[in-house]
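Below: the structure, in structure tokens.
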Amino acid sequence: MDKISSDRSPPWYRPSLTTQIMIGLVAGALIGWLRPDWGNKVYFLRDIFINLIKSIIAPLVFSTIVVGIAGAGALKKVGRIGLKALIFFEIVTTAALFIGLAVVNLIKPGVGVTLAAGNVDIAKTIGQTHAQSLTDILVHIFPSSIIDAMVRSDVLQIVAFSVLFALAVSAVGDKGRPIVHAMESLAQIMFKVTNYVMMFAPVGVGAAMAHTIGTQGPSVLINLGKLILSLYVALIIFAVVVFGIAIWIARVPLRQFFRAVREPAALAFATTSSESALPKAMQAMERFGVPPSIVGFVMPTGYSFNLAGSTLYLAMASVFVAQAAETTMGWHMGLAAQITMMLTLMLTSKGVAGVPRSSLVILLAALNSFIPNGLGPIGVAVIFGVDELMDMGRTAVNVIGNCLATVVVARWENEFDENRAHIFGTALEAELDLKSGNVAFADAVRQGD
């Protein structure tokens, strides 16, 4: 069995995965800027990468939850973990709404923007998918076919079925042990597959960035640059204040946590897809010392209920359109109306992770109710042009927030392995994984060292 020396550093010609992803980002941006026509030509590489990731999600989530619940006999914990996770989700997303509301009212990026009726056709394209009601969300959680849910990579439905399956495996006792052992093997195999797929990540990331810059162009940054800048300012404030407080209260090792989430966050940022980061994020949090039962349940569930970055974006984008509507026709939305709209967004933004352009769908549904004279769809159409640039930041924050949620719940359950967290990404971690036979995690250390 290989042993990794604690004083060995990777050679200069083999940069870490994080460095490779950043190189891919920069190279893609340069290609999109210097040769915009290449953006569409290389975009298929991004699609290949996303498809490979999607093929991992269903078996990885399923096996991790079954092992975590049935393997550890955690029947009584499921409800308790779920309740604690939901409490954390609601606190964080509520904070995101009000930070977004404060920043957009302070900077006022929509003041001076005129809403032109010529953009309505784009808004209709966005609005082809309708926001879900609370009843729709509840019904949607439970799949009519788990095979169909896995084909569509519907994470919430996979989680619901996996929990029921794990409870049944645990209930049958010894007869269910072979299933648990099989799921343990499957989980390790899927983590190994994740390592293989991550080798293609810099190429997929570069293609995604080339397409974004090539199709949007630098001029987009000038036209709505104030809105984009405002969003990123708000996201930074939110991450520093809200995530910072959570890290301090939960006593999370900050340096190691940053090291654990940087690769998933970079993937999410470059591809504008939370799905692309899910397998790597789950692997990183298990390596960080969070039990599989918590990672497997909390993180996939958070993809529907803990979209902090998207929630903050909704708050800012909705008030941005209201400010532009005031410039266009003199209609003013007061603070009370803004808060009412925030509460509406808080309810309607749940369970839409699988909907394409889900944030724009929810935004359009809310603005149709609050902005008069049909200016809501026009405002969404204006935002549509720069949505992908803003989607990068909010998706990265979504992923970081879900990673943090697993650590907070694990600490809350007194199951966080702090010793493991402190050696994350070091040779000591790799040696520990090799001794325990966890080759996939040891290889992940090598990729990210």
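Ligands are numbered from 1 in the order shown, residues from 1 within each chain, and chains are lettered A, B, ... in the order they appear in the structure tokens.
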
Spatial neighbours of Gly112 (chain A), max dist 9 Å, only C-alpha atoms, sep filter under 5 positions, as a count of residues only: 5

Report as a PyMOL selection string all protein, DNA and RNA residues lying within 10 Å of Val295 (chain A), evaluated on only C-alpha atoms, omitting residues in the same chain fewer than 2 positions from it. chain A and resi 61+64-65+68+281-286+289-293+297-301+402-403+405-407+409-410

Per-residue nearest contacts of region 230-339 of chain A to region 198-205 of chain A (10 Å; only C-alpha atoms) as a tab-separated table:
residue	atom	partner	partner_atom	distance
A:Glu263	CA	A:Met198	CA	9.9
A:Ala266	CA	A:Val205	CA	8.9
A:Leu267	CA	A:Val205	CA	6.9
A:Ala268	CA	A:Val205	CA	9.2
A:Phe269	CA	A:Val205	CA	9.0
A:Ala270	CA	A:Val205	CA	5.5
A:Thr271	CA	A:Val205	CA	6.0
A:Thr272	CA	A:Val205	CA	9.7
A:Ser276	CA	A:Ala201	CA	9.3
A:Ala277	CA	A:Met198	CA	10.0
A:Pro279	CA	A:Met198	CA	9.8
A:Lys280	CA	A:Met198	CA	8.3

Rounded to one decimal place, report the CA of Leu428 (chain A)-CA of Val261 (chain A) distance in Å. 19.1 Å

Please extract the residues of region 33-177 of chain A with a backbone DSSP assignment of alpha helix (DSSP H) and present them as a ChimeraX atom specification. /A:33-34,38-41,43-66,77-107,120-126,134-141,146-151,155-171,177

Looking at A:Ile400, A:Met316, A:Ile141, A:Leu375, which one is nearest to Ala239 (chain A), with distances taken over only C-alpha atoms?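 Smallest distance to Ala239 (chain A) is found for A:Ile400.
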
Calculate how many Å separate CA of Met150 (chain A) from CA of Ile189 (chain A), rounding to one decimal. 17.6 Å

What lies within 9 Å of Gly393 (chain A) using only C-alpha atoms, ignoring chain neighbours under 2 positions off, as a ChimeraX atom specification? /A:231-232,235,268-269,272,309,389-391,395-398

Dump N, CA and C atoms for the selected residues as a PDB file, in the first residue's frame?
ATOM      1  N   LEU A 231     -24.727  42.923  -6.530  1.00  0.00           N
ATOM      2  CA  LEU A 231     -24.967  41.541  -6.124  1.00  0.00           C
ATOM      3  C   LEU A 231     -23.729  40.927  -5.488  1.00  0.00           C
ATOM      4  N   TYR A 232     -22.582  41.128  -6.116  1.00  0.00           N
ATOM      5  CA  TYR A 232     -21.364  40.530  -5.569  1.00  0.00           C
ATOM      6  C   TYR A 232     -20.954  41.174  -4.252  1.00  0.00           C
ATOM      7  N   LEU A 235     -23.251  39.480  -1.778  1.00  0.00           N
ATOM      8  CA  LEU A 235     -22.844  38.094  -1.541  1.00  0.00           C
ATOM      9  C   LEU A 235     -21.626  38.032  -0.617  1.00  0.00           C
ATOM     10  N   ALA A 268     -18.824  25.246  -9.116  1.00  0.00           N
ATOM     11  CA  ALA A 268     -20.148  25.859  -9.196  1.00  0.00           C
ATOM     12  C   ALA A 268     -20.081  27.229  -9.852  1.00  0.00           C
ATOM     13  N   PHE A 269     -19.064  28.007  -9.523  1.00  0.00           N
ATOM     14  CA  PHE A 269     -18.906  29.353 -10.069  1.00  0.00           C
ATOM     15  C   PHE A 269     -18.712  29.303 -11.580  1.00  0.00           C
ATOM     16  N   THR A 272     -21.896  27.478 -13.371  1.00  0.00           N
ATOM     17  CA  THR A 272     -23.210  27.984 -12.951  1.00  0.00           C
ATOM     18  C   THR A 272     -24.172  26.830 -12.663  1.00  0.00           C
ATOM     19  N   GLY A 309     -27.621  31.894  -1.790  1.00  0.00           N
ATOM     20  CA  GLY A 309     -27.186  32.829  -2.821  1.00  0.00           C
ATOM     21  C   GLY A 309     -28.312  33.204  -3.761  1.00  0.00           C
ATOM     22  N   LEU A 389     -23.908  35.779 -15.649  1.00  0.00           N
ATOM     23  CA  LEU A 389     -22.779  36.343 -14.908  1.00  0.00           C
ATOM     24  C   LEU A 389     -23.086  36.410 -13.417  1.00  0.00           C
ATOM     25  N   MET A 390     -24.328  36.724 -13.062  1.00  0.00           N
ATOM     26  CA  MET A 390     -24.712  36.769 -11.652  1.00  0.00           C
ATOM     27  C   MET A 390     -24.925  35.365 -11.094  1.00  0.00           C
ATOM     28  N   ASP A 391     -25.330  34.448 -11.972  1.00  0.00           N
ATOM     29  CA  ASP A 391     -25.563  33.073 -11.553  1.00  0.00           C
ATOM     30  C   ASP A 391     -24.292  32.433 -11.008  1.00  0.00           C
ATOM     31  N   THR A 395     -24.521  30.776  -7.288  1.00  0.00           N
ATOM     32  CA  THR A 395     -24.402  29.324  -7.240  1.00  0.00           C
ATOM     33  C   THR A 395     -23.247  28.902  -6.341  1.00  0.00           C
ATOM     34  N   ALA A 396     -22.137  29.617  -6.412  1.00  0.00           N
ATOM     35  CA  ALA A 396     -21.006  29.308  -5.535  1.00  0.00           C
ATOM     36  C   ALA A 396     -21.391  29.473  -4.062  1.00  0.00           C
ATOM     37  N   VAL A 397     -22.146  30.533  -3.752  1.00  0.00           N
ATOM     38  CA  VAL A 397     -22.598  30.754  -2.372  1.00  0.00           C
ATOM     39  C   VAL A 397     -23.569  29.662  -1.942  1.00  0.00           C
ATOM     40  N   ASN A 398     -24.435  29.218  -2.858  1.00  0.00           N
ATOM     41  CA  ASN A 398     -25.336  28.103  -2.541  1.00  0.00           C
ATOM     42  C   ASN A 398     -24.555  26.876  -2.094  1.00  0.00           C
TER      43      ASN A 398
END

Spatial neighbours of Thr114 (chain A), max dist 12 Å, only C-alpha atoms, sep filter under 2 positions, as a list of chain:residue names: A:Pro109, A:Gly110, A:Val111, A:Gly112, A:Ala116, A:Ala117, A:Gly118, A:Asn119, A:Asn223, A:Leu224, A:Phe320, A:Val321, A:Ala322, A:Gln323, A:Ala324, A:Ala325, A:Glu326, A:Thr327, A:Thr328, A:Met329, A:Gly330, A:Leu375, A:Ile378, A:Gly379, A:Val382

Dump of N, CA and C atoms for the selected residues, as a CSV table (one decimal), in the first residue's frame:
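Listed below is the output, out.csv:
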chain,number,residue,atom,x,y,z
A,109,PRO,N,-29.3,50.1,-7.7
A,109,PRO,CA,-28.8,49.9,-9.1
A,109,PRO,C,-29.8,50.1,-10.1
A,110,GLY,N,-31.1,50.1,-9.7
A,110,GLY,CA,-32.2,50.2,-10.7
A,110,GLY,C,-32.6,51.6,-11.0
A,111,VAL,N,-32.1,52.6,-10.2
A,111,VAL,CA,-32.5,54.0,-10.5
A,111,VAL,C,-31.8,54.4,-11.8
A,112,GLY,N,-32.6,55.0,-12.7
A,112,GLY,CA,-32.0,55.5,-14.0
A,112,GLY,C,-32.2,54.4,-15.1
A,116,ALA,N,-37.8,49.0,-21.4
A,116,ALA,CA,-38.3,49.1,-22.8
A,116,ALA,C,-39.1,47.9,-23.1
A,117,ALA,N,-40.3,48.2,-23.7
A,117,ALA,CA,-41.2,47.1,-24.0
A,117,ALA,C,-40.7,46.1,-25.0
A,118,GLY,N,-39.6,46.4,-25.7
A,118,GLY,CA,-39.1,45.5,-26.7
A,118,GLY,C,-38.6,44.2,-26.2
A,119,ASN,N,-38.4,44.1,-24.9
A,119,ASN,CA,-37.8,42.9,-24.3
A,119,ASN,C,-38.8,41.9,-23.8
A,223,ASN,N,-23.3,47.8,-19.3
A,223,ASN,CA,-24.7,48.2,-19.3
A,223,ASN,C,-25.4,48.0,-18.0
A,224,LEU,N,-25.2,46.8,-17.4
A,224,LEU,CA,-25.8,46.5,-16.1
A,224,LEU,C,-24.8,46.2,-15.0
A,320,PHE,N,-34.6,45.8,-7.7
A,320,PHE,CA,-34.0,46.4,-8.9
A,320,PHE,C,-35.0,46.7,-10.0
A,321,VAL,N,-35.9,45.7,-10.2
A,321,VAL,CA,-37.0,46.0,-11.2
A,321,VAL,C,-38.0,47.0,-10.7
A,322,ALA,N,-38.3,47.0,-9.4
A,322,ALA,CA,-39.1,48.0,-8.8
A,322,ALA,C,-38.5,49.4,-9.0
A,323,GLN,N,-37.2,49.5,-8.8
A,323,GLN,CA,-36.6,50.8,-8.9
A,323,GLN,C,-36.6,51.3,-10.4
A,324,ALA,N,-36.4,50.3,-11.3
A,324,ALA,CA,-36.5,50.7,-12.7
A,324,ALA,C,-37.9,51.0,-13.1
A,325,ALA,N,-38.9,50.4,-12.5
A,325,ALA,CA,-40.3,50.7,-12.8
A,325,ALA,C,-40.6,52.2,-12.4
A,326,GLU,N,-40.0,52.6,-11.2
A,326,GLU,CA,-40.2,53.9,-10.7
A,326,GLU,C,-39.6,54.9,-11.7
A,327,THR,N,-38.4,54.6,-12.3
A,327,THR,CA,-37.8,55.5,-13.3
A,327,THR,C,-38.6,55.6,-14.5
A,328,THR,N,-39.2,54.4,-14.9
A,328,THR,CA,-40.0,54.4,-16.2
A,328,THR,C,-41.3,55.1,-16.1
A,329,MET,N,-42.1,54.9,-15.0
A,329,MET,CA,-43.4,55.4,-14.9
A,329,MET,C,-43.8,56.1,-13.6
A,330,GLY,N,-42.8,56.3,-12.7
A,330,GLY,CA,-43.0,57.1,-11.5
A,330,GLY,C,-43.7,56.3,-10.4
A,375,LEU,N,-44.8,45.7,-16.2
A,375,LEU,CA,-43.4,46.0,-16.3
A,375,LEU,C,-42.5,44.9,-15.6
A,378,ILE,N,-40.9,42.7,-18.3
A,378,ILE,CA,-39.9,43.5,-19.0
A,378,ILE,C,-38.6,43.6,-18.2
A,379,GLY,N,-38.8,43.8,-16.9
A,379,GLY,CA,-37.6,43.9,-16.0
A,379,GLY,C,-36.9,42.6,-15.9
A,382,VAL,N,-34.7,42.3,-18.9
A,382,VAL,CA,-33.5,43.1,-18.9
A,382,VAL,C,-32.4,42.3,-18.1

Distance criterion (only C-alpha atoms): nearest to Pro59 (chain A) out of A:Thr18, A:Thr93, A:Ser162, A:Ser145: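 Using only C-alpha atoms, the shortest distance to Pro59 (chain A) belongs to A:Ser162.
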
Selected residue of minimal separation from Leu101 (chain A) among A:Ala149, A:Leu335, A:Thr135, A:Val113, counting only C-alpha atoms: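 Counting only C-alpha atoms, the residue closest to Leu101 (chain A) is A:Leu335.
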
In Å to one decimal, how far is CA of Asn306 (chain A) from CA of Gly401 (chain A)?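 That distance, rounded to one decimal, is 7.2 Å.
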
Considering only C-alpha atoms, return as a list in words whatever protein or nucleic-acid residues lie within 12 Å of Thr94 (chain A), sequence-local ones (same chain, fewer than 6 positions apart) excluded.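 After dropping sequence-adjacent residues, the list is Leu86, Ile87, Phe88, Gly100, Leu101, Phe238, Val242, Phe305, Asn306, Leu307, Ala308, Gly309, Ser310, Thr311, Leu312, Leu314, Ala315, Ile339, Met342, Leu343, Thr344, Leu345, Met346, Leu347 and Ser349 of chain A.
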